[in-house]
file target.pdb (PDB, C-alpha atoms and all ligand atoms)
ATOM      1  CA  MET A  15     118.992 -31.801  18.634
ATOM      2  CA  ASP A  16     120.002 -28.227  19.309
ATOM      3  CA  ALA A  17     121.954 -28.178  16.090
ATOM      4  CA  ASN A  18     118.808 -29.173  14.222
ATOM      5  CA  ARG A  19     116.936 -26.279  15.701
ATOM      6  CA  VAL A  20     119.596 -23.733  14.830
ATOM      7  CA  ASP A  21     119.744 -24.965  11.261
ATOM      8  CA  ALA A  22     116.013 -25.283  10.816
ATOM      9  CA  PRO A  23     115.101 -24.190   7.283
ATOM     10  CA  ALA A  24     112.243 -21.956   6.246
ATOM     11  CA  ALA A  25     109.808 -24.762   6.961
ATOM     12  CA  GLY A  26     110.316 -24.059  10.645
ATOM     13  CA  GLY A  27     108.358 -20.830  10.262
ATOM     14  CA  PRO A  28     104.702 -20.716   9.436
ATOM     15  CA  LEU A  29     104.701 -24.426   8.665
ATOM     16  CA  ALA A  30     106.099 -25.480  11.987
ATOM     17  CA  GLU A  31     102.896 -27.231  12.955
ATOM     18  CA  ALA A  32     102.971 -29.458   9.876
ATOM     19  CA  PRO A  33     105.086 -32.458  10.827
ATOM     20  CA  ARG A  34     106.105 -33.371   7.292
ATOM     21  CA  ALA A  35     106.523 -29.853   6.015
ATOM     22  CA  ASP A  36     109.539 -29.888   3.784
ATOM     23  CA  VAL A  37     109.715 -26.738   1.763
ATOM     24  CA  SER A  38     112.092 -28.041  -0.823
ATOM     25  CA  VAL A  39     111.797 -25.119  -3.167
ATOM     26  CA  GLY A  40     115.255 -25.860  -4.353
ATOM     27  CA  GLY A  41     116.715 -22.453  -3.659
ATOM     28  CA  SER A  42     119.664 -21.366  -1.618
ATOM     29  CA  SER A  43     117.564 -18.631  -0.115
ATOM     30  CA  VAL A  44     115.756 -20.993   2.280
ATOM     31  CA  GLY A  45     116.685 -20.085   5.811
ATOM     32  CA  ASP A  46     116.355 -16.328   5.521
ATOM     33  CA  VAL A  47     113.164 -16.490   7.459
ATOM     34  CA  SER A  48     114.918 -17.394  10.689
ATOM     35  CA  VAL A  49     117.105 -14.292  10.470
ATOM     36  CA  CYS A  50     114.652 -12.139  12.290
ATOM     37  CA  ASP A  51     115.598  -9.812  15.107
ATOM     38  CA  ALA A  52     112.036  -8.959  16.086
ATOM     39  CA  PRO A  53     110.597 -10.649  19.169
ATOM     40  CA  ARG A  54     107.833 -12.157  16.995
ATOM     41  CA  ALA A  55     108.444 -15.880  16.755
ATOM     42  CA  GLU A  56     107.152 -16.451  13.247
ATOM     43  CA  ALA A  57     107.649 -14.543  10.033
ATOM     44  CA  PRO A  58     104.398 -13.659   8.271
ATOM     45  CA  LEU A  59     103.160 -16.083   5.653
ATOM     46  CA  VAL A  60     103.060 -13.226   3.150
ATOM     47  CA  ASP A  61     105.278 -10.164   3.527
ATOM     48  CA  VAL A  62     105.111  -7.446   0.883
ATOM     49  CA  ARG A  63     107.503  -4.477   1.020
ATOM     50  CA  ASP A  64     107.529  -1.716  -1.583
ATOM     51  CA  LEU A  65     106.204  -4.096  -4.194
ATOM     52  CA  ARG A  66     105.872  -2.621  -7.654
ATOM     53  CA  TYR A  67     104.535  -4.248 -10.788
ATOM     54  CA  ARG A  68     104.385  -2.718 -14.252
ATOM     55  CA  TRP A  69     102.940  -4.654 -17.163
ATOM     56  CA  PRO A  70     105.376  -4.838 -20.101
ATOM     57  CA  GLY A  71     104.933  -1.792 -22.325
ATOM     58  CA  ALA A  72     102.731   0.057 -19.817
ATOM     59  CA  ALA A  73     103.469   3.709 -19.053
ATOM     60  CA  ALA A  74     102.886   3.393 -15.307
ATOM     61  CA  ASP A  75     102.953   0.848 -12.525
ATOM     62  CA  THR A  76      99.740  -1.084 -12.009
ATOM     63  CA  LEU A  77     100.742  -1.817  -8.416
ATOM     64  CA  ASP A  78     102.899   0.054  -5.920
ATOM     65  CA  ILE A  79     102.201  -1.426  -2.492
ATOM     66  CA  PRO A  80     104.349  -0.194   0.409
ATOM     67  CA  ALA A  81     103.339  -2.971   2.794
ATOM     68  CA  LEU A  82     100.983  -5.915   3.127
ATOM     69  CA  GLN A  83     101.313  -8.805   5.524
ATOM     70  CA  LEU A  84      99.305 -11.917   6.085
ATOM     71  CA  GLN A  85      99.750 -14.341   8.963
ATOM     72  CA  ALA A  86      99.429 -18.116   8.693
ATOM     73  CA  GLY A  87      95.782 -19.141   8.645
ATOM     74  CA  GLU A  88      94.505 -15.565   8.336
ATOM     75  CA  GLN A  89      91.551 -14.742   6.056
ATOM     76  CA  LEU A  90      91.720 -11.437   4.183
ATOM     77  CA  PHE A  91      89.075  -9.878   1.988
ATOM     78  CA  LEU A  92      90.670  -7.587  -0.582
ATOM     79  CA  ARG A  93      88.190  -5.278  -2.194
ATOM     80  CA  GLY A  94      88.837  -3.359  -5.381
ATOM     81  CA  ALA A  95      87.017  -2.005  -8.406
ATOM     82  CA  SER A  96      87.326  -3.751 -11.739
ATOM     83  CA  GLY A  97      90.726  -2.958 -13.251
ATOM     84  CA  SER A  98      92.267  -1.950  -9.913
ATOM     85  CA  GLY A  99      94.890  -4.698 -10.044
ATOM     86  CA  LYS A 100      93.381  -7.502  -7.952
ATOM     87  CA  SER A 101      94.176 -10.278 -10.408
ATOM     88  CA  THR A 102      97.641  -8.817 -10.988
ATOM     89  CA  LEU A 103      98.346  -8.939  -7.251
ATOM     90  CA  LEU A 104      97.118 -12.530  -6.986
ATOM     91  CA  ALA A 105      99.324 -13.519  -9.941
ATOM     92  CA  LEU A 106     102.288 -12.016  -8.077
ATOM     93  CA  LEU A 107     101.366 -13.814  -4.844
ATOM     94  CA  ALA A 108     101.020 -17.059  -6.792
ATOM     95  CA  GLY A 109     104.427 -16.573  -8.397
ATOM     96  CA  VAL A 110     102.948 -16.482 -11.883
ATOM     97  CA  LEU A 111     104.308 -12.954 -12.363
ATOM     98  CA  ALA A 112     107.614 -11.699 -10.964
ATOM     99  CA  PRO A 113     107.768  -8.300  -9.197
ATOM    100  CA  THR A 114     109.174  -5.338 -11.127
ATOM    101  CA  ALA A 115     110.739  -4.045  -7.892
ATOM    102  CA  GLY A 116     110.532  -4.514  -4.152
ATOM    103  CA  SER A 117     110.204  -7.590  -2.045
ATOM    104  CA  LEU A 118     107.454 -10.195  -2.006
ATOM    105  CA  ARG A 119     107.993 -13.003   0.451
ATOM    106  CA  VAL A 120     105.787 -16.063   0.702
ATOM    107  CA  LEU A 121     106.770 -18.581   3.383
ATOM    108  CA  GLY A 122     110.040 -16.714   3.759
ATOM    109  CA  GLN A 123     110.921 -17.085   0.089
ATOM    110  CA  ASP A 124     111.577 -13.861  -1.787
ATOM    111  CA  LEU A 125     109.683 -14.619  -4.992
ATOM    112  CA  GLY A 126     111.551 -11.932  -6.929
ATOM    113  CA  ARG A 127     114.787 -13.830  -6.344
ATOM    114  CA  LEU A 128     113.506 -17.278  -7.241
ATOM    115  CA  SER A 129     113.749 -18.740 -10.727
ATOM    116  CA  GLY A 130     110.529 -19.329 -12.613
ATOM    117  CA  ALA A 131     110.896 -23.054 -11.930
ATOM    118  CA  ALA A 132     111.329 -22.459  -8.190
ATOM    119  CA  ARG A 133     108.243 -20.246  -8.157
ATOM    120  CA  ASP A 134     106.319 -23.007  -9.961
ATOM    121  CA  ARG A 135     107.464 -25.484  -7.303
ATOM    122  CA  LEU A 136     106.413 -23.198  -4.446
ATOM    123  CA  ARG A 137     103.002 -22.738  -6.073
ATOM    124  CA  ALA A 138     102.470 -26.459  -6.654
ATOM    125  CA  ASP A 139     103.477 -27.264  -3.067
ATOM    126  CA  GLN A 140     101.977 -24.433  -1.070
ATOM    127  CA  ILE A 141      99.391 -22.408  -2.982
ATOM    128  CA  GLY A 142      95.867 -23.245  -4.079
ATOM    129  CA  VAL A 143      94.038 -21.003  -6.517
ATOM    130  CA  VAL A 144      90.324 -20.690  -7.239
ATOM    131  CA  PHE A 145      89.716 -18.745 -10.406
ATOM    132  CA  GLN A 146      86.714 -16.764 -11.547
ATOM    133  CA  GLN A 147      86.247 -19.194 -14.440
ATOM    134  CA  PHE A 148      86.999 -22.347 -12.372
ATOM    135  CA  ASN A 149      89.544 -23.792 -14.850
ATOM    136  CA  LEU A 150      88.362 -27.368 -14.345
ATOM    137  CA  LEU A 151      89.163 -29.943 -17.004
ATOM    138  CA  PRO A 152      85.669 -30.601 -18.406
ATOM    139  CA  TYR A 153      86.314 -34.163 -19.618
ATOM    140  CA  LEU A 154      87.824 -35.384 -16.328
ATOM    141  CA  SER A 155      85.662 -36.682 -13.520
ATOM    142  CA  VAL A 156      84.970 -34.510 -10.507
ATOM    143  CA  ARG A 157      87.233 -36.728  -8.387
ATOM    144  CA  ASP A 158      90.080 -36.624 -10.916
ATOM    145  CA  ASN A 159      89.881 -32.841 -11.179
ATOM    146  CA  VAL A 160      90.513 -32.634  -7.443
ATOM    147  CA  THR A 161      93.343 -35.169  -7.293
ATOM    148  CA  LEU A 162      95.041 -33.540 -10.288
ATOM    149  CA  ALA A 163      96.569 -30.972  -7.923
ATOM    150  CA  LEU A 164      98.430 -33.802  -6.174
ATOM    151  CA  ARG A 165     100.211 -34.994  -9.301
ATOM    152  CA  PHE A 166     102.466 -31.978  -9.358
ATOM    153  CA  SER A 167     103.555 -31.972  -5.730
ATOM    154  CA  ALA A 168     105.041 -34.658  -3.506
ATOM    155  CA  ARG A 169     104.433 -32.367  -0.556
ATOM    156  CA  ARG A 170     100.719 -32.058  -1.274
ATOM    157  CA  ARG A 171     100.512 -35.845  -1.807
ATOM    158  CA  ALA A 172     102.149 -36.404   1.579
ATOM    159  CA  GLN A 173      99.749 -33.962   3.236
ATOM    160  CA  ALA A 174      96.629 -35.517   1.706
ATOM    161  CA  ALA A 175      95.319 -38.593   3.485
ATOM    162  CA  THR A 176      93.758 -41.432   1.481
ATOM    163  CA  GLY A 177      90.240 -40.393   0.589
ATOM    164  CA  GLU A 178      91.028 -36.697   1.023
ATOM    165  CA  ALA A 179      89.469 -35.746  -2.319
ATOM    166  CA  GLU A 180      86.202 -37.426  -1.364
ATOM    167  CA  ARG A 181      86.285 -35.870   2.117
ATOM    168  CA  LEU A 182      86.765 -32.373   0.674
ATOM    169  CA  LEU A 183      84.081 -32.856  -1.972
ATOM    170  CA  GLY A 184      81.688 -33.938   0.762
ATOM    171  CA  ALA A 185      82.715 -31.002   2.943
ATOM    172  CA  MET A 186      82.012 -28.676   0.018
ATOM    173  CA  GLY A 187      78.491 -30.101  -0.142
ATOM    174  CA  LEU A 188      78.888 -32.305  -3.231
ATOM    175  CA  PRO A 189      77.175 -35.691  -2.825
ATOM    176  CA  ALA A 190      78.959 -38.923  -3.782
ATOM    177  CA  ALA A 191      76.606 -39.423  -6.737
ATOM    178  CA  LEU A 192      78.409 -36.551  -8.496
ATOM    179  CA  TRP A 193      82.012 -37.605  -7.932
ATOM    180  CA  SER A 194      82.280 -39.838 -11.024
ATOM    181  CA  ARG A 195      80.540 -37.426 -13.382
ATOM    182  CA  THR A 196      82.606 -35.249 -15.649
ATOM    183  CA  ALA A 197      83.023 -31.653 -14.565
ATOM    184  CA  ALA A 198      81.100 -30.537 -17.653
ATOM    185  CA  GLN A 199      78.001 -32.305 -16.311
ATOM    186  CA  LEU A 200      77.801 -30.121 -13.203
ATOM    187  CA  SER A 201      76.098 -26.799 -12.623
ATOM    188  CA  VAL A 202      78.174 -23.643 -12.340
ATOM    189  CA  GLY A 203      77.773 -23.587  -8.554
ATOM    190  CA  GLN A 204      78.796 -27.239  -8.289
ATOM    191  CA  GLN A 205      81.818 -26.678 -10.514
ATOM    192  CA  GLN A 206      82.997 -23.857  -8.302
ATOM    193  CA  ARG A 207      82.834 -26.173  -5.277
ATOM    194  CA  VAL A 208      84.959 -28.720  -7.130
ATOM    195  CA  ALA A 209      87.467 -25.956  -7.911
ATOM    196  CA  ALA A 210      87.624 -25.075  -4.213
ATOM    197  CA  ALA A 211      88.185 -28.722  -3.235
ATOM    198  CA  ARG A 212      90.998 -28.923  -5.785
ATOM    199  CA  ALA A 213      92.618 -25.780  -4.384
ATOM    200  CA  LEU A 214      92.371 -27.091  -0.817
ATOM    201  CA  ILE A 215      93.668 -30.623  -1.277
ATOM    202  CA  GLY A 216      96.980 -31.250   0.421
ATOM    203  CA  ARG A 217      96.424 -28.311   2.785
ATOM    204  CA  PRO A 218      98.312 -25.531   0.977
ATOM    205  CA  ALA A 219      99.577 -22.768   3.265
ATOM    206  CA  LEU A 220      97.880 -20.141   1.098
ATOM    207  CA  LEU A 221      94.653 -20.147  -0.841
ATOM    208  CA  LEU A 222      94.042 -17.409  -3.413
ATOM    209  CA  ALA A 223      90.504 -16.804  -4.645
ATOM    210  CA  ASP A 224      89.915 -14.482  -7.589
ATOM    211  CA  GLU A 225      86.265 -13.397  -7.629
ATOM    212  CA  PRO A 226      85.068 -17.010  -7.455
ATOM    213  CA  THR A 227      81.474 -16.077  -6.667
ATOM    214  CA  SER A 228      80.791 -13.735  -9.558
ATOM    215  CA  ALA A 229      78.983 -16.401 -11.595
ATOM    216  CA  LEU A 230      76.905 -17.648  -8.663
ATOM    217  CA  ASP A 231      73.421 -16.595  -7.613
ATOM    218  CA  GLU A 232      72.935 -15.210  -4.129
ATOM    219  CA  ASP A 233      72.020 -18.475  -2.369
ATOM    220  CA  SER A 234      74.855 -20.403  -4.039
ATOM    221  CA  ARG A 235      77.232 -17.566  -3.257
ATOM    222  CA  ASP A 236      76.426 -17.544   0.459
ATOM    223  CA  ALA A 237      76.673 -21.319   0.730
ATOM    224  CA  PHE A 238      79.934 -21.359  -1.207
ATOM    225  CA  MET A 239      81.499 -18.638   0.955
ATOM    226  CA  ALA A 240      80.585 -20.401   4.182
ATOM    227  CA  LEU A 241      82.007 -23.714   2.977
ATOM    228  CA  LEU A 242      85.161 -22.173   1.544
ATOM    229  CA  GLN A 243      85.958 -20.265   4.727
ATOM    230  CA  GLN A 244      85.231 -23.263   6.928
ATOM    231  CA  CYS A 245      87.371 -25.595   4.819
ATOM    232  CA  CYS A 246      90.260 -23.085   4.828
ATOM    233  CA  ALA A 247      90.059 -22.875   8.611
ATOM    234  CA  GLU A 248      90.033 -26.670   8.938
ATOM    235  CA  ALA A 249      92.992 -27.033   6.588
ATOM    236  CA  GLY A 250      94.894 -24.213   8.309
ATOM    237  CA  SER A 251      95.193 -22.452   4.944
ATOM    238  CA  ALA A 252      95.366 -18.667   4.874
ATOM    239  CA  LEU A 253      92.906 -17.109   2.433
ATOM    240  CA  VAL A 254      93.231 -14.045   0.226
ATOM    241  CA  PHE A 255      89.831 -13.480  -1.307
ATOM    242  CA  VAL A 256      89.531 -10.693  -3.860
ATOM    243  CA  SER A 257      86.292  -9.282  -5.173
ATOM    244  CA  HIS A 258      84.647  -6.085  -6.326
ATOM    245  CA  ASP A 259      81.549  -7.238  -4.410
ATOM    246  CA  ALA A 260      81.625  -5.271  -1.147
ATOM    247  CA  ARG A 261      78.701  -7.317   0.228
ATOM    248  CA  LEU A 262      81.101 -10.163   0.936
ATOM    249  CA  ALA A 263      83.267  -8.066   3.258
ATOM    250  CA  ALA A 264      81.042  -8.678   6.288
ATOM    251  CA  ARG A 265      82.117 -12.318   6.292
ATOM    252  CA  PHE A 266      85.747 -11.458   6.989
ATOM    253  CA  ALA A 267      87.483 -10.324  10.157
ATOM    254  CA  ARG A 268      90.039  -8.478   8.037
ATOM    255  CA  VAL A 269      89.122  -6.314   5.060
ATOM    256  CA  ALA A 270      91.466  -4.196   2.957
ATOM    257  CA  ASP A 271      90.829  -1.842   0.090
ATOM    258  CA  LEU A 272      93.286  -2.190  -2.770
ATOM    259  CA  SER A 273      92.887   1.482  -3.680
ATOM    260  CA  ARG A 274      94.270   2.349  -0.222
ATOM    261  CA  LEU A 275      97.057  -0.210  -0.226
ATOM    262  CA  ASN A 276      98.165   0.752  -3.712
ATOM    263  CA  ARG A 277      99.997   4.050  -4.248
ATOM    264  CA  SER A 278      99.466   3.671  -7.996
ATOM    265  CA  ALA A 279      95.705   3.681  -7.659
ATOM    266  CA  ALA A 280      94.075   6.385  -9.730
TER     267      ALA A 280
HETATM  268  N1  LIG A 301      98.024  -9.398 -19.444
HETATM  269  C1  LIG A 301      98.026  -8.064 -19.282
HETATM  270  N2  LIG A 301      98.808  -7.269 -20.051
HETATM  271  C2  LIG A 301      98.833  -5.927 -19.884
HETATM  272  N3  LIG A 301      98.105  -5.280 -18.969
HETATM  273  C3  LIG A 301      97.288  -5.998 -18.187
HETATM  274  C4  LIG A 301      97.213  -7.425 -18.292
HETATM  275  N4  LIG A 301      96.324  -7.872 -17.369
HETATM  276  C5  LIG A 301      95.882  -6.779 -16.717
HETATM  277  N5  LIG A 301      96.454  -5.654 -17.204
HETATM  278  C6  LIG A 301      96.192  -4.278 -16.733
HETATM  279  O1  LIG A 301      96.437  -4.193 -15.346
HETATM  280  C7  LIG A 301      95.448  -3.401 -14.722
HETATM  281  C8  LIG A 301      94.807  -4.201 -13.606
HETATM  282  O2  LIG A 301      94.128  -5.315 -14.160
HETATM  283  P1  LIG A 301      93.634  -6.533 -13.258
HETATM  284  O3  LIG A 301      94.726  -6.942 -12.345
HETATM  285  O4  LIG A 301      93.079  -7.564 -14.163
HETATM  286  O5  LIG A 301      92.480  -5.824 -12.402
HETATM  287  P2  LIG A 301      91.240  -6.476 -11.614
HETATM  288  O6  LIG A 301      91.527  -7.911 -11.406
HETATM  289  O7  LIG A 301      91.161  -5.692 -10.334
HETATM  290  O8  LIG A 301      90.027  -6.244 -12.457
HETATM  291  C9  LIG A 301      94.469  -2.965 -15.807
HETATM  292  O9  LIG A 301      94.798  -1.655 -16.202
HETATM  293  C10 LIG A 301      94.730  -3.934 -16.921
HETATM  294  O10 LIG A 301      94.541  -3.331 -18.157
HETATM  295 MG    MG A 302      90.448  -9.613 -11.940
END
call {"tool": "encode", "arguments": {"input": "target.pdb", "output": "structure tokens"}}
result
Amino acid sequence: MDANRVDAPAAGGPLAEAPRADVSVGGSSVGDVSVCDAPRAEAPLVDVRDLRYRWPGAAADTLDIPALQLQAGEQLFLRGASGSGKSTLLALLAGVLAPTAGSLRVLGQDLGRLSGAARDRLRADQIGVVFQQFNLLPYLSVRDNVTLALRFSARRRAQAATGEAERLLGAMGLPAALWSRTAAQLSVGQQQRVAAARALIGRPALLLADEPTSALDEDSRDAFMALLQQCCAEAGSALVFVSHDARLAARFARVADLSRLNRSAA
């Protein structure tokens, strides 16, 4: 038993409470997370150190972030003007882009050292994304849009109980009468709730939301925010919510300004 503890892989960190957590991201770098001399028991879910990103062909870095940490289950509102690099940062956190320099750890994995395939695996298993433009498949039913996220990840399938899609859709305020309709038949506000349910299914460790309320009217926006934050808390998913809309900041215990975090900010 003791030997198991000593050799516990990265899954023993922020995912320790998940009994079936098996972070099989296929890399040899699993295990780094336990090499920690600080008294803190758990490594942060997200740990950014001197992260730089420069778009190919650009004259300057878009991002140069000395430090940013996020703990498991934490909800962070990241404010920033249009063009300040919010979507670029989320693409880095999601492993869609690779850092130009510095270290970006998610669940103890240094994304800059993982192959593209390993980053894809980590994203499929552990990260849910809600985009500004939803990115639902319009011809699929509401239910099938949500369960689609499970097809790419055995871990998310194992974490999602039978009926989880329906439970999440209900929790996001979508009545059963809508579940068999195609996504194209829903209103914008309803589609965004489906996108949130899809991001949350299988309880990813990290949920990234890129200005998901910008197409919603005020009432829909408030209802969506409340449901999204509640569902993240229930799933134990940390949330990084980016927006230029400072009015949303009051909903979050932790608020950061990208122009302050980012040394490259104009
Ligand atoms: N695909 C891309 N290729 C080159 N430059 C890009 C690309 N996407 C964004 N940028 C540049 O990166 C900067 C930040 O953009 P972005 O991350 O989209 O900001 P935000 O999401 O805060 O509006 C901008 O200067 C933008 O021109
Ligand atoms: Mg953006």
call {"tool": "residues_near_ligand", "arguments": {"input": "target.pdb", "ligand": "ligand MG 302 (chain A)", "cutoff": "12 Å", "atoms": "only C-alpha atoms and all ligand atoms", "output": "mmCIF file with C-alpha atoms, in the coordinates of the input"}}
result
data_model
loop_
_atom_site.group_PDB
_atom_site.id
_atom_site.type_symbol
_atom_site.label_atom_id
_atom_site.label_comp_id
_atom_site.auth_asym_id
_atom_site.auth_seq_id
_atom_site.Cartn_x
_atom_site.Cartn_y
_atom_site.Cartn_z
ATOM 1 C CA LEU A 92 90.670 -7.587 -0.582
ATOM 2 C CA ARG A 93 88.190 -5.278 -2.194
ATOM 3 C CA GLY A 94 88.837 -3.359 -5.381
ATOM 4 C CA ALA A 95 87.017 -2.005 -8.406
ATOM 5 C CA SER A 96 87.326 -3.751 -11.739
ATOM 6 C CA GLY A 97 90.726 -2.958 -13.251
ATOM 7 C CA SER A 98 92.267 -1.950 -9.913
ATOM 8 C CA GLY A 99 94.890 -4.698 -10.044
ATOM 9 C CA LYS A 100 93.381 -7.502 -7.952
ATOM 10 C CA SER A 101 94.176 -10.278 -10.408
ATOM 11 C CA THR A 102 97.641 -8.817 -10.988
ATOM 12 C CA LEU A 103 98.346 -8.939 -7.251
ATOM 13 C CA LEU A 104 97.118 -12.530 -6.986
ATOM 14 C CA ALA A 105 99.324 -13.519 -9.941
ATOM 15 C CA PHE A 145 89.716 -18.745 -10.406
ATOM 16 C CA GLN A 146 86.714 -16.764 -11.547
ATOM 17 C CA GLN A 147 86.247 -19.194 -14.440
ATOM 18 C CA ALA A 223 90.504 -16.804 -4.645
ATOM 19 C CA ASP A 224 89.915 -14.482 -7.589
ATOM 20 C CA GLU A 225 86.265 -13.397 -7.629
ATOM 21 C CA PRO A 226 85.068 -17.010 -7.455
ATOM 22 C CA SER A 228 80.791 -13.735 -9.558
ATOM 23 C CA PHE A 255 89.831 -13.480 -1.307
ATOM 24 C CA VAL A 256 89.531 -10.693 -3.860
ATOM 25 C CA SER A 257 86.292 -9.282 -5.173
ATOM 26 C CA HIS A 258 84.647 -6.085 -6.326
ATOM 27 C CA ASP A 259 81.549 -7.238 -4.410
#
call {"tool": "atom_distance", "arguments": {"input": "target.pdb", "atom1": "atom CA of Leu272 of chain A", "atom2": "atom CA of Phe91 of chain A"}}
result
10.0 Å
call {"tool": "residues_around", "arguments": {"input": "target.pdb", "residues": "Asp64 of chain A", "least_positions_apart": "4", "cutoff": "12 Å", "atoms": "all atoms listed in the file", "output": "JSON, numbers by chain"}}
result
{"A": [77, 78, 79, 80, 81, 82, 83, 113, 114, 115, 116, 117, 118, 119, 275, 276, 277, 278]}
call {"tool": "write_last_selection", "arguments": {"input": "target.pdb", "atoms": "C-alpha atoms", "output": "mmCIF file, in the coordinates of the input"}}
result
data_model
loop_
_atom_site.group_PDB
_atom_site.id
_atom_site.type_symbol
_atom_site.label_atom_id
_atom_site.label_comp_id
_atom_site.auth_asym_id
_atom_site.auth_seq_id
_atom_site.Cartn_x
_atom_site.Cartn_y
_atom_site.Cartn_z
ATOM 1 C CA LEU A 77 100.742 -1.817 -8.416
ATOM 2 C CA ASP A 78 102.899 0.054 -5.920
ATOM 3 C CA ILE A 79 102.201 -1.426 -2.492
ATOM 4 C CA PRO A 80 104.349 -0.194 0.409
ATOM 5 C CA ALA A 81 103.339 -2.971 2.794
ATOM 6 C CA LEU A 82 100.983 -5.915 3.127
ATOM 7 C CA GLN A 83 101.313 -8.805 5.524
ATOM 8 C CA PRO A 113 107.768 -8.300 -9.197
ATOM 9 C CA THR A 114 109.174 -5.338 -11.127
ATOM 10 C CA ALA A 115 110.739 -4.045 -7.892
ATOM 11 C CA GLY A 116 110.532 -4.514 -4.152
ATOM 12 C CA SER A 117 110.204 -7.590 -2.045
ATOM 13 C CA LEU A 118 107.454 -10.195 -2.006
ATOM 14 C CA ARG A 119 107.993 -13.003 0.451
ATOM 15 C CA LEU A 275 97.057 -0.210 -0.226
ATOM 16 C CA ASN A 276 98.165 0.752 -3.712
ATOM 17 C CA ARG A 277 99.997 4.050 -4.248
ATOM 18 C CA SER A 278 99.466 3.671 -7.996
#
call {"tool": "atom_distance", "arguments": {"input": "target.pdb", "atom1": "atom O4 of ligand LIG 301 (chain A)", "atom2": "atom CA of Ala138 of chain A"}}
result
22.4 Å
call {"tool": "residues_around", "arguments": {"input": "target.pdb", "residues": "segment 201-215 of chain A", "least_positions_apart": "6", "cutoff": "9 Å", "atoms": "all atoms listed in the file", "output": "PyMOL selection string"}}
result
chain A and resi 141-150+156-157+159-164+170-171+173-174+178-179+182-183+185-188+221-223+226-227+229-231+234-235+238+241-242+245-246+249+251
call {"tool": "closest_residue", "arguments": {"input": "target.pdb", "among": "A:Leu111, A:Leu65, A:Ala260, A:Leu59", "to": "ligand LIG 301 (chain A)", "atoms": "only C-alpha atoms and all ligand atoms"}}
result
A:Leu111
call {"tool": "axis_aligned_box", "arguments": {"input": "target.pdb", "around": "ligand LIG 301 (chain A)", "padding_each_side": "6 Å", "output": "AutoDock Vina command-line options"}}
result
--center_x 94.4 --center_y -5.5 --center_z -15.2 --size_x 20.8 --size_y 19.7 --size_z 21.7
call {"tool": "closest_residue", "arguments": {"input": "target.pdb", "among": "A:Glu88, A:Asp124, A:Glu248, A:Asp233", "to": "Arg63 of chain A", "atoms": "only C-alpha atoms"}}
result
A:Asp124
call {"tool": "atom_distance", "arguments": {"input": "target.pdb", "atom1": "atom CA of Gln243 of chain A", "atom2": "atom CA of Gln89 of chain A"}}
result
8.0 Å
call {"tool": "resolve_selection", "arguments": {"input": "target.pdb", "expression": "the PyMOL selection byres (((chain A and resi 198) around 7) and not hetatm)", "output": "PyMOL selection string"}}
result
chain A and resi 152-153+196-197+199-200
call {"tool": "closest_residue", "arguments": {"input": "target.pdb", "among": "A:Ala252, A:Ala57, A:Leu151, A:Pro70", "to": "ligand LIG 301 (chain A)", "atoms": "all atoms listed in the file"}}
result
A:Pro70
call {"tool": "closest_residue", "arguments": {"input": "target.pdb", "among": "A:Leu107, A:Ala112, A:Ala168, A:Leu125", "to": "Arg68 of chain A", "atoms": "all atoms listed in the file"}}
result
A:Ala112
call {"tool": "closest_residue", "arguments": {"input": "target.pdb", "among": "A:Gly87, A:Gly71, A:Pro218, A:Pro58", "to": "ligand LIG 301 (chain A)", "atoms": "all atoms listed in the file"}}
result
A:Gly71
call {"tool": "residues_near_point", "arguments": {"input": "target.pdb", "point": "(110.1, -20.7, -11.5)", "cutoff": "12 Å", "atoms": "only C-alpha atoms", "output": "PyMOL selection string"}}
result
chain A and resi 39-41+108-112+124-138
call {"tool": "write_last_selection", "arguments": {"input": "target.pdb", "atoms": "C-alpha atoms", "output": "PDB file, keeping the file's coordinate frame"}}
result
ATOM      1  CA  VAL A  39     111.797 -25.119  -3.167  1.00  0.00           C
ATOM      2  CA  GLY A  40     115.255 -25.860  -4.353  1.00  0.00           C
ATOM      3  CA  GLY A  41     116.715 -22.453  -3.659  1.00  0.00           C
ATOM      4  CA  ALA A 108     101.020 -17.059  -6.792  1.00  0.00           C
ATOM      5  CA  GLY A 109     104.427 -16.573  -8.397  1.00  0.00           C
ATOM      6  CA  VAL A 110     102.948 -16.482 -11.883  1.00  0.00           C
ATOM      7  CA  LEU A 111     104.308 -12.954 -12.363  1.00  0.00           C
ATOM      8  CA  ALA A 112     107.614 -11.699 -10.964  1.00  0.00           C
ATOM      9  CA  ASP A 124     111.577 -13.861  -1.787  1.00  0.00           C
ATOM     10  CA  LEU A 125     109.683 -14.619  -4.992  1.00  0.00           C
ATOM     11  CA  GLY A 126     111.551 -11.932  -6.929  1.00  0.00           C
ATOM     12  CA  ARG A 127     114.787 -13.830  -6.344  1.00  0.00           C
ATOM     13  CA  LEU A 128     113.506 -17.278  -7.241  1.00  0.00           C
ATOM     14  CA  SER A 129     113.749 -18.740 -10.727  1.00  0.00           C
ATOM     15  CA  GLY A 130     110.529 -19.329 -12.613  1.00  0.00           C
ATOM     16  CA  ALA A 131     110.896 -23.054 -11.930  1.00  0.00           C
ATOM     17  CA  ALA A 132     111.329 -22.459  -8.190  1.00  0.00           C
ATOM     18  CA  ARG A 133     108.243 -20.246  -8.157  1.00  0.00           C
ATOM     19  CA  ASP A 134     106.319 -23.007  -9.961  1.00  0.00           C
ATOM     20  CA  ARG A 135     107.464 -25.484  -7.303  1.00  0.00           C
ATOM     21  CA  LEU A 136     106.413 -23.198  -4.446  1.00  0.00           C
ATOM     22  CA  ARG A 137     103.002 -22.738  -6.073  1.00  0.00           C
ATOM     23  CA  ALA A 138     102.470 -26.459  -6.654  1.00  0.00           C
TER      24      ALA A 138
END
call {"tool": "decode", "arguments": {"input": "target.pdb", "residues": "segment 155-160 of chain A", "atoms": "C-alpha atoms", "output": "short mmCIF file (atom, residue, chain, number, x, y, z; two decimals), in the first residue's frame"}}
result
data_model
loop_
_atom_site.label_atom_id
_atom_site.label_comp_id
_atom_site.auth_asym_id
_atom_site.auth_seq_id
_atom_site.Cartn_x
_atom_site.Cartn_y
_atom_site.Cartn_z
CA SER A 155 -30.09 16.63 -31.41
CA VAL A 156 -29.56 18.56 -28.21
CA ARG A 157 -28.89 15.30 -26.35
CA ASP A 158 -26.39 14.07 -28.95
CA ASN A 159 -24.51 17.37 -28.89
CA VAL A 160 -23.94 16.88 -25.17
#
